[in-house]
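Engineer: Structure supplied as entry-v1.cif; contents: mmCIF, N, CA and C atoms.
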data_model
#
loop_
_atom_site.label_atom_id
_atom_site.label_comp_id
_atom_site.auth_asym_id
_atom_site.auth_seq_id
_atom_site.Cartn_x
_atom_site.Cartn_y
_atom_site.Cartn_z
N MET H 194 -19.09 2.04 -22.00
CA MET H 194 -19.05 2.33 -20.57
C MET H 194 -18.09 1.39 -19.84
N LEU H 195 -18.11 0.10 -20.25
CA LEU H 195 -17.21 -0.87 -19.62
C LEU H 195 -15.75 -0.49 -19.88
N ASN H 196 -15.46 -0.01 -21.07
CA ASN H 196 -14.08 0.40 -21.38
C ASN H 196 -13.62 1.51 -20.45
N ALA H 197 -14.49 2.48 -20.19
CA ALA H 197 -14.13 3.57 -19.30
C ALA H 197 -13.87 3.06 -17.88
N LEU H 198 -14.70 2.12 -17.42
CA LEU H 198 -14.51 1.52 -16.10
C LEU H 198 -13.18 0.78 -16.03
N GLU H 199 -12.86 0.03 -17.07
CA GLU H 199 -11.61 -0.72 -17.12
C GLU H 199 -10.40 0.21 -17.03
N VAL H 200 -10.42 1.25 -17.84
CA VAL H 200 -9.30 2.19 -17.85
C VAL H 200 -9.22 2.94 -16.52
N PHE H 201 -10.35 3.41 -16.01
CA PHE H 201 -10.35 4.15 -14.74
C PHE H 201 -9.82 3.27 -13.60
N THR H 202 -10.29 2.04 -13.55
CA THR H 202 -9.83 1.11 -12.50
C THR H 202 -8.32 0.89 -12.61
N THR H 203 -7.84 0.67 -13.81
CA THR H 203 -6.41 0.43 -14.02
C THR H 203 -5.58 1.65 -13.62
N VAL H 204 -6.05 2.82 -13.93
CA VAL H 204 -5.33 4.04 -13.55
C VAL H 204 -5.32 4.21 -12.03
N VAL H 205 -6.47 4.01 -11.38
CA VAL H 205 -6.54 4.15 -9.92
C VAL H 205 -5.60 3.16 -9.24
N VAL H 206 -5.62 1.91 -9.67
CA VAL H 206 -4.73 0.90 -9.08
C VAL H 206 -3.28 1.22 -9.41
N GLY H 207 -3.02 1.65 -10.63
CA GLY H 207 -1.65 2.00 -11.03
C GLY H 207 -1.08 3.15 -10.22
N LEU H 208 -1.88 4.16 -9.96
CA LEU H 208 -1.41 5.28 -9.14
C LEU H 208 -1.14 4.81 -7.70
N MET H 209 -2.00 3.93 -7.18
CA MET H 209 -1.78 3.39 -5.83
C MET H 209 -0.46 2.62 -5.78
N VAL H 210 -0.22 1.81 -6.79
CA VAL H 210 1.03 1.06 -6.86
C VAL H 210 2.21 2.03 -6.89
N GLY H 211 2.10 3.10 -7.66
CA GLY H 211 3.18 4.08 -7.74
C GLY H 211 3.48 4.74 -6.40
N VAL H 212 2.45 5.09 -5.67
CA VAL H 212 2.64 5.70 -4.36
C VAL H 212 3.31 4.71 -3.41
N GLU H 213 2.80 3.48 -3.37
CA GLU H 213 3.36 2.48 -2.45
C GLU H 213 4.78 2.10 -2.85
N PHE H 214 5.06 2.01 -4.13
CA PHE H 214 6.42 1.74 -4.60
C PHE H 214 7.35 2.86 -4.17
N SER H 215 6.89 4.09 -4.33
CA SER H 215 7.68 5.26 -3.93
C SER H 215 7.96 5.26 -2.43
N VAL H 216 6.97 4.91 -1.63
CA VAL H 216 7.19 4.82 -0.18
C VAL H 216 8.28 3.80 0.11
N ALA H 217 8.18 2.63 -0.51
CA ALA H 217 9.11 1.54 -0.22
C ALA H 217 10.53 1.83 -0.69
N PHE H 218 10.67 2.36 -1.89
CA PHE H 218 11.99 2.42 -2.50
C PHE H 218 12.56 3.83 -2.66
N VAL H 219 11.77 4.86 -2.31
CA VAL H 219 12.28 6.23 -2.41
C VAL H 219 12.16 6.93 -1.06
N MET H 220 10.93 7.12 -0.59
CA MET H 220 10.72 7.93 0.62
C MET H 220 11.41 7.34 1.85
N ASN H 221 11.24 6.05 2.09
CA ASN H 221 11.85 5.47 3.28
C ASN H 221 13.37 5.50 3.21
N ARG H 222 13.93 5.39 2.01
CA ARG H 222 15.38 5.53 1.85
C ARG H 222 15.82 6.95 2.20
N ILE H 223 15.03 7.92 1.76
CA ILE H 223 15.33 9.32 2.09
C ILE H 223 15.25 9.52 3.60
N PHE H 224 14.16 9.05 4.21
CA PHE H 224 13.99 9.21 5.66
C PHE H 224 15.14 8.56 6.42
N ASP H 225 15.55 7.37 5.99
CA ASP H 225 16.62 6.65 6.68
C ASP H 225 17.97 7.37 6.57
N ALA H 226 18.13 8.20 5.55
CA ALA H 226 19.39 8.91 5.36
C ALA H 226 19.43 10.27 6.07
N LEU H 227 18.32 10.71 6.62
CA LEU H 227 18.28 12.00 7.30
C LEU H 227 19.01 11.93 8.64
N PRO H 228 19.55 13.05 9.08
CA PRO H 228 20.31 13.05 10.33
C PRO H 228 19.41 12.97 11.57
N GLU H 229 19.98 12.42 12.60
CA GLU H 229 19.39 12.37 13.94
C GLU H 229 17.97 11.83 13.92
N ASP H 230 17.03 12.59 14.46
CA ASP H 230 15.66 12.11 14.61
C ASP H 230 14.75 12.47 13.43
N SER H 231 15.29 13.11 12.42
CA SER H 231 14.47 13.58 11.30
C SER H 231 13.79 12.43 10.57
N GLY H 232 14.49 11.33 10.37
CA GLY H 232 13.90 10.20 9.66
C GLY H 232 12.71 9.61 10.39
N GLN H 233 12.85 9.46 11.69
CA GLN H 233 11.74 8.91 12.49
C GLN H 233 10.56 9.86 12.48
N LEU H 234 10.83 11.15 12.57
CA LEU H 234 9.74 12.14 12.51
C LEU H 234 9.07 12.13 11.14
N GLY H 235 9.87 11.97 10.07
CA GLY H 235 9.32 11.90 8.72
C GLY H 235 8.43 10.68 8.53
N ARG H 236 8.88 9.55 9.06
CA ARG H 236 8.07 8.33 8.98
C ARG H 236 6.77 8.49 9.76
N ALA H 237 6.84 9.11 10.93
CA ALA H 237 5.63 9.32 11.73
C ALA H 237 4.64 10.20 10.97
N HIS H 238 5.14 11.27 10.37
CA HIS H 238 4.26 12.16 9.62
C HIS H 238 3.68 11.44 8.40
N GLY H 239 4.52 10.68 7.70
CA GLY H 239 4.04 9.91 6.56
C GLY H 239 2.99 8.89 6.98
N GLY H 240 3.19 8.28 8.14
CA GLY H 240 2.21 7.32 8.66
C GLY H 240 0.87 7.97 8.94
N ARG H 241 0.91 9.19 9.45
CA ARG H 241 -0.35 9.90 9.71
C ARG H 241 -1.03 10.30 8.40
N MET H 242 -0.26 10.86 7.49
CA MET H 242 -0.81 11.36 6.24
C MET H 242 -1.33 10.22 5.36
N LEU H 243 -0.46 9.26 5.06
CA LEU H 243 -0.86 8.17 4.18
C LEU H 243 -1.78 7.19 4.89
N GLY H 244 -1.68 7.10 6.21
CA GLY H 244 -2.58 6.24 6.97
C GLY H 244 -4.02 6.69 6.87
N ALA H 245 -4.24 7.96 6.56
CA ALA H 245 -5.60 8.47 6.39
C ALA H 245 -6.11 8.26 4.96
N VAL H 246 -5.21 8.26 3.98
CA VAL H 246 -5.59 8.22 2.58
C VAL H 246 -5.62 6.79 2.02
N MET H 247 -4.62 6.01 2.34
CA MET H 247 -4.45 4.73 1.69
C MET H 247 -5.58 3.73 1.93
N PRO H 248 -6.18 3.66 3.13
CA PRO H 248 -7.30 2.72 3.28
C PRO H 248 -8.43 2.97 2.28
N VAL H 249 -8.74 4.22 2.05
CA VAL H 249 -9.78 4.57 1.08
C VAL H 249 -9.35 4.15 -0.32
N TRP H 250 -8.09 4.37 -0.64
CA TRP H 250 -7.57 4.03 -1.96
C TRP H 250 -7.58 2.52 -2.19
N TYR H 251 -7.18 1.76 -1.17
CA TYR H 251 -7.18 0.29 -1.29
C TYR H 251 -8.60 -0.24 -1.48
N ILE H 252 -9.52 0.23 -0.67
CA ILE H 252 -10.90 -0.25 -0.76
C ILE H 252 -11.53 0.18 -2.09
N THR H 253 -11.28 1.41 -2.52
CA THR H 253 -11.79 1.88 -3.81
C THR H 253 -11.26 1.02 -4.95
N SER H 254 -9.98 0.70 -4.91
CA SER H 254 -9.38 -0.15 -5.94
C SER H 254 -10.04 -1.52 -5.97
N LEU H 255 -10.27 -2.06 -4.80
CA LEU H 255 -10.91 -3.37 -4.69
C LEU H 255 -12.35 -3.33 -5.23
N VAL H 256 -13.10 -2.31 -4.83
CA VAL H 256 -14.49 -2.18 -5.29
C VAL H 256 -14.55 -1.99 -6.80
N LEU H 257 -13.69 -1.14 -7.33
CA LEU H 257 -13.67 -0.93 -8.78
C LEU H 257 -13.35 -2.23 -9.53
N SER H 258 -12.41 -3.00 -9.00
CA SER H 258 -12.07 -4.28 -9.63
C SER H 258 -13.25 -5.24 -9.58
N ALA H 259 -13.96 -5.27 -8.47
CA ALA H 259 -15.13 -6.13 -8.34
C ALA H 259 -16.22 -5.72 -9.33
N VAL H 260 -16.45 -4.43 -9.46
CA VAL H 260 -17.46 -3.94 -10.40
C VAL H 260 -17.05 -4.30 -11.83
N TRP H 261 -15.77 -4.15 -12.15
CA TRP H 261 -15.26 -4.53 -13.47
C TRP H 261 -15.50 -6.02 -13.72
N ALA H 262 -15.17 -6.85 -12.74
CA ALA H 262 -15.34 -8.30 -12.90
C ALA H 262 -16.81 -8.66 -13.13
N ILE H 263 -17.70 -8.01 -12.40
CA ILE H 263 -19.13 -8.30 -12.54
C ILE H 263 -19.66 -7.76 -13.87
N ALA H 264 -19.32 -6.51 -14.17
CA ALA H 264 -19.82 -5.90 -15.40
C ALA H 264 -19.26 -6.57 -16.65
N GLY H 265 -18.04 -7.08 -16.56
CA GLY H 265 -17.41 -7.69 -17.73
C GLY H 265 -17.38 -9.19 -17.69
N ARG H 266 -18.27 -9.79 -16.92
CA ARG H 266 -18.22 -11.24 -16.68
C ARG H 266 -18.32 -12.07 -17.96
N HIS H 267 -18.82 -11.50 -19.04
CA HIS H 267 -18.95 -12.25 -20.29
C HIS H 267 -17.87 -11.86 -21.29
N HIS H 268 -16.86 -11.15 -20.84
CA HIS H 268 -15.79 -10.70 -21.73
C HIS H 268 -14.49 -11.44 -21.43
N ASP H 269 -13.61 -11.45 -22.42
CA ASP H 269 -12.29 -12.02 -22.21
C ASP H 269 -11.56 -11.21 -21.14
N GLY H 270 -10.74 -11.88 -20.38
CA GLY H 270 -9.93 -11.20 -19.37
C GLY H 270 -10.57 -11.12 -18.01
N THR H 271 -11.81 -11.55 -17.88
CA THR H 271 -12.50 -11.46 -16.59
C THR H 271 -11.78 -12.30 -15.52
N GLY H 272 -11.25 -13.45 -15.92
CA GLY H 272 -10.51 -14.27 -14.97
C GLY H 272 -9.32 -13.53 -14.39
N LEU H 273 -8.64 -12.77 -15.24
CA LEU H 273 -7.50 -11.97 -14.76
C LEU H 273 -7.95 -10.90 -13.77
N VAL H 274 -9.09 -10.31 -14.04
CA VAL H 274 -9.63 -9.28 -13.14
C VAL H 274 -10.02 -9.90 -11.80
N VAL H 275 -10.59 -11.08 -11.83
CA VAL H 275 -10.97 -11.77 -10.59
C VAL H 275 -9.72 -12.09 -9.77
N ILE H 276 -8.68 -12.58 -10.42
CA ILE H 276 -7.44 -12.87 -9.70
C ILE H 276 -6.83 -11.59 -9.15
N ALA H 277 -6.86 -10.52 -9.94
CA ALA H 277 -6.36 -9.23 -9.46
C ALA H 277 -7.15 -8.78 -8.23
N GLY H 278 -8.46 -8.96 -8.27
CA GLY H 278 -9.30 -8.62 -7.12
C GLY H 278 -8.93 -9.44 -5.90
N ALA H 279 -8.65 -10.72 -6.10
CA ALA H 279 -8.23 -11.57 -4.98
C ALA H 279 -6.92 -11.08 -4.39
N LEU H 280 -6.01 -10.65 -5.25
CA LEU H 280 -4.74 -10.11 -4.76
C LEU H 280 -4.96 -8.80 -4.00
N LEU H 281 -5.89 -7.99 -4.47
CA LEU H 281 -6.20 -6.75 -3.75
C LEU H 281 -6.83 -7.06 -2.39
N ILE H 282 -7.66 -8.10 -2.33
CA ILE H 282 -8.20 -8.54 -1.03
C ILE H 282 -7.05 -8.95 -0.12
N LEU H 283 -6.11 -9.71 -0.66
CA LEU H 283 -4.94 -10.13 0.12
C LEU H 283 -4.17 -8.92 0.64
N SER H 284 -4.02 -7.90 -0.20
CA SER H 284 -3.28 -6.70 0.23
C SER H 284 -4.01 -5.97 1.36
N VAL H 285 -5.33 -5.95 1.32
CA VAL H 285 -6.11 -5.33 2.39
C VAL H 285 -5.98 -6.13 3.68
N VAL H 286 -6.06 -7.45 3.57
CA VAL H 286 -5.91 -8.30 4.75
C VAL H 286 -4.52 -8.14 5.35
N MET H 287 -3.50 -8.15 4.49
CA MET H 287 -2.13 -7.92 4.97
C MET H 287 -2.02 -6.58 5.69
N SER H 288 -2.62 -5.57 5.10
CA SER H 288 -2.57 -4.23 5.70
C SER H 288 -3.17 -4.24 7.09
N ILE H 289 -4.36 -4.80 7.20
CA ILE H 289 -5.08 -4.79 8.49
C ILE H 289 -4.34 -5.61 9.54
N LEU H 290 -3.85 -6.78 9.16
CA LEU H 290 -3.24 -7.68 10.14
C LEU H 290 -1.79 -7.38 10.45
N LEU H 291 -1.03 -6.90 9.46
CA LEU H 291 0.40 -6.76 9.64
C LEU H 291 0.91 -5.33 9.70
N LEU H 292 0.47 -4.50 8.77
CA LEU H 292 1.05 -3.17 8.63
C LEU H 292 0.38 -2.10 9.48
N VAL H 293 -0.94 -2.10 9.51
CA VAL H 293 -1.66 -1.05 10.25
C VAL H 293 -1.31 -1.03 11.74
N PRO H 294 -1.21 -2.18 12.40
CA PRO H 294 -0.85 -2.11 13.83
C PRO H 294 0.50 -1.42 14.08
N ILE H 295 1.48 -1.71 13.24
CA ILE H 295 2.78 -1.06 13.39
C ILE H 295 2.66 0.42 13.05
N ASN H 296 1.96 0.72 11.97
CA ASN H 296 1.79 2.12 11.56
C ASN H 296 1.07 2.93 12.62
N ASN H 297 0.05 2.34 13.25
CA ASN H 297 -0.70 3.07 14.28
C ASN H 297 0.18 3.42 15.47
N ARG H 298 1.11 2.56 15.79
CA ARG H 298 2.06 2.89 16.86
C ARG H 298 3.05 3.94 16.38
N GLY H 299 3.64 3.70 15.21
CA GLY H 299 4.70 4.56 14.71
C GLY H 299 4.29 5.99 14.44
N LYS H 300 3.05 6.19 14.05
CA LYS H 300 2.63 7.56 13.72
C LYS H 300 2.48 8.44 14.96
N THR H 301 2.50 7.84 16.13
CA THR H 301 2.41 8.63 17.37
C THR H 301 3.76 8.87 18.01
N TRP H 302 4.80 8.26 17.48
CA TRP H 302 6.12 8.36 18.11
C TRP H 302 6.79 9.69 17.87
N THR H 303 7.46 10.14 18.87
CA THR H 303 8.37 11.28 18.81
C THR H 303 9.70 10.79 19.36
N PRO H 304 10.76 11.56 19.22
CA PRO H 304 12.03 11.14 19.82
C PRO H 304 11.93 10.94 21.34
N GLU H 305 10.99 11.59 21.96
CA GLU H 305 10.85 11.49 23.42
C GLU H 305 10.06 10.26 23.86
N ASN H 306 9.14 9.77 23.04
CA ASN H 306 8.27 8.68 23.50
C ASN H 306 8.40 7.38 22.72
N ARG H 307 9.26 7.33 21.74
CA ARG H 307 9.38 6.12 20.93
C ARG H 307 10.01 4.98 21.75
N PRO H 308 9.63 3.75 21.44
CA PRO H 308 10.20 2.62 22.18
C PRO H 308 11.65 2.36 21.74
N GLU H 309 12.36 1.62 22.54
CA GLU H 309 13.75 1.33 22.21
C GLU H 309 13.88 0.52 20.92
N ASP H 310 12.89 -0.30 20.63
CA ASP H 310 12.96 -1.14 19.44
C ASP H 310 12.26 -0.52 18.22
N TRP H 311 12.15 0.79 18.18
CA TRP H 311 11.41 1.44 17.11
C TRP H 311 12.00 1.14 15.73
N LYS H 312 13.33 1.07 15.63
CA LYS H 312 13.94 0.77 14.33
C LYS H 312 13.61 -0.65 13.89
N GLU H 313 13.61 -1.57 14.83
CA GLU H 313 13.25 -2.95 14.52
C GLU H 313 11.80 -3.03 14.03
N GLN H 314 10.90 -2.28 14.68
CA GLN H 314 9.50 -2.27 14.25
C GLN H 314 9.36 -1.65 12.86
N MET H 315 10.11 -0.60 12.57
CA MET H 315 10.06 0.02 11.24
C MET H 315 10.62 -0.93 10.19
N ASN H 316 11.68 -1.66 10.53
CA ASN H 316 12.23 -2.65 9.59
C ASN H 316 11.23 -3.77 9.31
N ARG H 317 10.49 -4.19 10.33
CA ARG H 317 9.44 -5.21 10.14
C ARG H 317 8.36 -4.65 9.22
N TRP H 318 7.94 -3.40 9.48
CA TRP H 318 6.94 -2.76 8.62
C TRP H 318 7.44 -2.73 7.18
N ASP H 319 8.71 -2.36 6.99
CA ASP H 319 9.28 -2.31 5.64
C ASP H 319 9.22 -3.67 4.95
N ARG H 320 9.57 -4.73 5.66
CA ARG H 320 9.55 -6.07 5.07
C ARG H 320 8.13 -6.46 4.64
N TYR H 321 7.17 -6.22 5.50
CA TYR H 321 5.78 -6.51 5.15
C TYR H 321 5.33 -5.65 3.97
N HIS H 322 5.77 -4.41 3.97
CA HIS H 322 5.38 -3.49 2.90
C HIS H 322 5.95 -3.94 1.55
N TYR H 323 7.19 -4.45 1.53
CA TYR H 323 7.77 -4.95 0.28
C TYR H 323 6.89 -6.07 -0.30
N VAL H 324 6.42 -6.95 0.56
CA VAL H 324 5.56 -8.05 0.10
C VAL H 324 4.25 -7.49 -0.41
N ARG H 325 3.68 -6.53 0.33
CA ARG H 325 2.41 -5.93 -0.12
C ARG H 325 2.58 -5.23 -1.47
N VAL H 326 3.70 -4.54 -1.65
CA VAL H 326 3.96 -3.87 -2.93
C VAL H 326 4.03 -4.91 -4.05
N ALA H 327 4.68 -6.03 -3.81
CA ALA H 327 4.74 -7.08 -4.83
C ALA H 327 3.34 -7.59 -5.16
N VAL H 328 2.50 -7.74 -4.15
CA VAL H 328 1.13 -8.23 -4.37
C VAL H 328 0.34 -7.24 -5.21
N ILE H 329 0.43 -5.95 -4.90
CA ILE H 329 -0.37 -4.99 -5.67
C ILE H 329 0.21 -4.75 -7.06
N ILE H 330 1.53 -4.92 -7.23
CA ILE H 330 2.10 -4.86 -8.58
C ILE H 330 1.56 -6.02 -9.42
N ALA H 331 1.47 -7.20 -8.81
CA ALA H 331 0.91 -8.35 -9.52
C ALA H 331 -0.55 -8.08 -9.90
N ALA H 332 -1.32 -7.50 -8.98
CA ALA H 332 -2.72 -7.18 -9.28
C ALA H 332 -2.81 -6.17 -10.43
N PHE H 333 -1.99 -5.15 -10.38
CA PHE H 333 -1.97 -4.13 -11.44
C PHE H 333 -1.60 -4.76 -12.79
N THR H 334 -0.60 -5.61 -12.77
CA THR H 334 -0.16 -6.28 -14.01
C THR H 334 -1.30 -7.10 -14.61
N LEU H 335 -2.05 -7.80 -13.77
CA LEU H 335 -3.19 -8.58 -14.26
C LEU H 335 -4.28 -7.69 -14.84
N LEU H 336 -4.51 -6.55 -14.20
CA LEU H 336 -5.51 -5.61 -14.74
C LEU H 336 -5.08 -5.08 -16.09
N VAL H 337 -3.82 -4.76 -16.22
CA VAL H 337 -3.31 -4.28 -17.52
C VAL H 337 -3.45 -5.37 -18.57
N ALA H 338 -3.10 -6.60 -18.20
CA ALA H 338 -3.23 -7.72 -19.14
C ALA H 338 -4.69 -7.94 -19.54
N ALA H 339 -5.61 -7.71 -18.62
CA ALA H 339 -7.03 -7.89 -18.92
C ALA H 339 -7.54 -6.85 -19.91
N LEU H 340 -6.86 -5.75 -20.02
CA LEU H 340 -7.25 -4.72 -21.00
C LEU H 340 -6.98 -5.17 -22.44
N ALA H 341 -6.00 -6.03 -22.59
CA ALA H 341 -5.58 -6.45 -23.95
C ALA H 341 -6.56 -7.41 -24.59
#
Would it be possible to restate this file's structure as structure tokens?

Structural biologist:
Amino acid sequence: MLNALEVFTTVVVGLMVGVEFSVAFVMNRIFDALPEDSGQLGRAHGGRMLGAVMPVWYITSLVLSAVWAIAGRHHDGTGLVVIAGALLILSVVMSILLLVPINNRGKTWTPENRPEDWKEQMNRWDRYHYVRVAVIIAAFTLLVAALA
């Protein structure tokens, strides 16, 4: 049963990392290359769509990691799982304090109501997001290492 939990947790976190990596290095590049207001509209829609899904995914990943750490506390690799969980906590805190406030503003913007500094705010979101992606990649890597 523990093996199934370990694999399931690793897959859930891995898929989350893939989505966030894609947002950072694929989707936002595509949006930035679109003509006129299309990129801003795409980011707003992405903010609404992923803003509804990702909090559940982050918390689920964290809870699964905690359950793995508790259930496997007498097994090798538990320390790696605990560190991965701490990194996932950091990613949630970063999200709440840094990314969500910008996302909550950006998802309501249209070409008619966006602030003059909207590109600067999106660039700030991108910078924070790159750091968050690095944090969750590190967490995923530790979970994979704990499987070995």

Engineer: Name the residues captured by the PyMOL selection byres ((chain H and resi 282-292) around 8) when it is applied to the shown file; answer as a PDB file with N, CA and C atoms, keeping the file's coordinate frame.

Structural biologist:
ATOM      1  N   TYR H 251      -7.180   1.760  -1.170  1.00  0.00           N
ATOM      2  CA  TYR H 251      -7.180   0.290  -1.290  1.00  0.00           C
ATOM      3  C   TYR H 251      -8.600  -0.240  -1.480  1.00  0.00           C
ATOM      4  N   ILE H 252      -9.520   0.230  -0.670  1.00  0.00           N
ATOM      5  CA  ILE H 252     -10.900  -0.250  -0.760  1.00  0.00           C
ATOM      6  C   ILE H 252     -11.530   0.180  -2.090  1.00  0.00           C
ATOM      7  N   SER H 254      -9.980   0.700  -4.910  1.00  0.00           N
ATOM      8  CA  SER H 254      -9.380  -0.150  -5.940  1.00  0.00           C
ATOM      9  C   SER H 254     -10.040  -1.520  -5.970  1.00  0.00           C
ATOM     10  N   LEU H 255     -10.270  -2.060  -4.800  1.00  0.00           N
ATOM     11  CA  LEU H 255     -10.910  -3.370  -4.690  1.00  0.00           C
ATOM     12  C   LEU H 255     -12.350  -3.330  -5.230  1.00  0.00           C
ATOM     13  N   ILE H 276      -8.680 -12.580 -10.420  1.00  0.00           N
ATOM     14  CA  ILE H 276      -7.440 -12.870  -9.700  1.00  0.00           C
ATOM     15  C   ILE H 276      -6.830 -11.590  -9.150  1.00  0.00           C
ATOM     16  N   ALA H 277      -6.860 -10.520  -9.940  1.00  0.00           N
ATOM     17  CA  ALA H 277      -6.360  -9.230  -9.460  1.00  0.00           C
ATOM     18  C   ALA H 277      -7.150  -8.780  -8.230  1.00  0.00           C
ATOM     19  N   GLY H 278      -8.460  -8.960  -8.270  1.00  0.00           N
ATOM     20  CA  GLY H 278      -9.300  -8.620  -7.120  1.00  0.00           C
ATOM     21  C   GLY H 278      -8.930  -9.440  -5.900  1.00  0.00           C
ATOM     22  N   ALA H 279      -8.650 -10.720  -6.100  1.00  0.00           N
ATOM     23  CA  ALA H 279      -8.230 -11.570  -4.980  1.00  0.00           C
ATOM     24  C   ALA H 279      -6.920 -11.080  -4.390  1.00  0.00           C
ATOM     25  N   LEU H 280      -6.010 -10.650  -5.250  1.00  0.00           N
ATOM     26  CA  LEU H 280      -4.740 -10.110  -4.760  1.00  0.00           C
ATOM     27  C   LEU H 280      -4.960  -8.800  -4.000  1.00  0.00           C
ATOM     28  N   LEU H 281      -5.890  -7.990  -4.470  1.00  0.00           N
ATOM     29  CA  LEU H 281      -6.200  -6.750  -3.750  1.00  0.00           C
ATOM     30  C   LEU H 281      -6.830  -7.060  -2.390  1.00  0.00           C
ATOM     31  N   VAL H 293      -0.940  -2.100   9.510  1.00  0.00           N
ATOM     32  CA  VAL H 293      -1.660  -1.050  10.250  1.00  0.00           C
ATOM     33  C   VAL H 293      -1.310  -1.030  11.740  1.00  0.00           C
ATOM     34  N   PRO H 294      -1.210  -2.180  12.400  1.00  0.00           N
ATOM     35  CA  PRO H 294      -0.850  -2.110  13.830  1.00  0.00           C
ATOM     36  C   PRO H 294       0.500  -1.420  14.080  1.00  0.00           C
ATOM     37  N   ILE H 295       1.480  -1.710  13.240  1.00  0.00           N
ATOM     38  CA  ILE H 295       2.780  -1.060  13.390  1.00  0.00           C
ATOM     39  C   ILE H 295       2.660   0.420  13.050  1.00  0.00           C
ATOM     40  N   ASN H 296       1.960   0.720  11.970  1.00  0.00           N
ATOM     41  CA  ASN H 296       1.790   2.120  11.560  1.00  0.00           C
ATOM     42  C   ASN H 296       1.070   2.930  12.620  1.00  0.00           C
ATOM     43  N   ASN H 297       0.050   2.340  13.250  1.00  0.00           N
ATOM     44  CA  ASN H 297      -0.700   3.070  14.280  1.00  0.00           C
ATOM     45  C   ASN H 297       0.180   3.420  15.470  1.00  0.00           C
ATOM     46  N   ARG H 298       1.110   2.560  15.790  1.00  0.00           N
ATOM     47  CA  ARG H 298       2.060   2.890  16.860  1.00  0.00           C
ATOM     48  C   ARG H 298       3.050   3.940  16.380  1.00  0.00           C
ATOM     49  N   ARG H 317      10.490  -4.190  10.330  1.00  0.00           N
ATOM     50  CA  ARG H 317       9.440  -5.210  10.140  1.00  0.00           C
ATOM     51  C   ARG H 317       8.360  -4.650   9.220  1.00  0.00           C
ATOM     52  N   TRP H 318       7.940  -3.400   9.480  1.00  0.00           N
ATOM     53  CA  TRP H 318       6.940  -2.760   8.620  1.00  0.00           C
ATOM     54  C   TRP H 318       7.440  -2.730   7.180  1.00  0.00           C
ATOM     55  N   ASP H 319       8.710  -2.360   6.990  1.00  0.00           N
ATOM     56  CA  ASP H 319       9.280  -2.310   5.640  1.00  0.00           C
ATOM     57  C   ASP H 319       9.220  -3.670   4.950  1.00  0.00           C
ATOM     58  N   TYR H 321       7.170  -6.220   5.500  1.00  0.00           N
ATOM     59  CA  TYR H 321       5.780  -6.510   5.150  1.00  0.00           C
ATOM     60  C   TYR H 321       5.330  -5.650   3.970  1.00  0.00           C
ATOM     61  N   HIS H 322       5.770  -4.410   3.970  1.00  0.00           N
ATOM     62  CA  HIS H 322       5.380  -3.490   2.900  1.00  0.00           C
ATOM     63  C   HIS H 322       5.950  -3.940   1.550  1.00  0.00           C
ATOM     64  N   VAL H 324       6.420  -6.950   0.560  1.00  0.00           N
ATOM     65  CA  VAL H 324       5.560  -8.050   0.100  1.00  0.00           C
ATOM     66  C   VAL H 324       4.250  -7.490  -0.410  1.00  0.00           C
ATOM     67  N   ARG H 325       3.680  -6.530   0.330  1.00  0.00           N
ATOM     68  CA  ARG H 325       2.410  -5.930  -0.120  1.00  0.00           C
ATOM     69  C   ARG H 325       2.580  -5.230  -1.470  1.00  0.00           C
ATOM     70  N   VAL H 326       3.700  -4.540  -1.650  1.00  0.00           N
ATOM     71  CA  VAL H 326       3.960  -3.870  -2.930  1.00  0.00           C
ATOM     72  C   VAL H 326       4.030  -4.910  -4.050  1.00  0.00           C
ATOM     73  N   VAL H 328       2.500  -7.740  -4.150  1.00  0.00           N
ATOM     74  CA  VAL H 328       1.130  -8.230  -4.370  1.00  0.00           C
ATOM     75  C   VAL H 328       0.340  -7.240  -5.210  1.00  0.00           C
ATOM     76  N   ILE H 329       0.430  -5.950  -4.900  1.00  0.00           N
ATOM     77  CA  ILE H 329      -0.370  -4.990  -5.670  1.00  0.00           C
ATOM     78  C   ILE H 329       0.210  -4.750  -7.060  1.00  0.00           C
TER      79      ILE H 329
END

Engineer: Please, which residues of stretch 295-327 of chain H, numbered as in this document, come out alpha helix (DSSP H) from DSSP, as a list in words?

Structural biologist: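 Put together, the selection reads Ile295, Asn296, Asn297, Arg298, Gly299, Trp311, Lys312, Glu313, Gln314, Met315, Asn316, Arg317, Trp318, Asp319, Arg320, Tyr321, His322, Tyr323, Val324, Arg325, Val326 and Ala327 of chain H.
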
Engineer: When you count all atoms listed in the file, which of these residues is closest to H:Val260: H:Leu273, H:Leu198, H:Leu227, H:Met315?

Structural biologist: H:Leu198

Engineer: Enter the distance from atom C of H:Gly240 to atom CA of H:Trp302, in Å, rounded to one decimal.

Structural biologist: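 Going from atom C of H:Gly240 over to atom CA of H:Trp302, I get 10.6 Å.
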
Engineer: Spell out the residues picked by the PyMOL selection byres ((chain H and resi 274) around 8) here, as a PyMOL selection string.

Structural biologist: chain H and resi 258-259+261-263+269-273+275-280+332+335-340
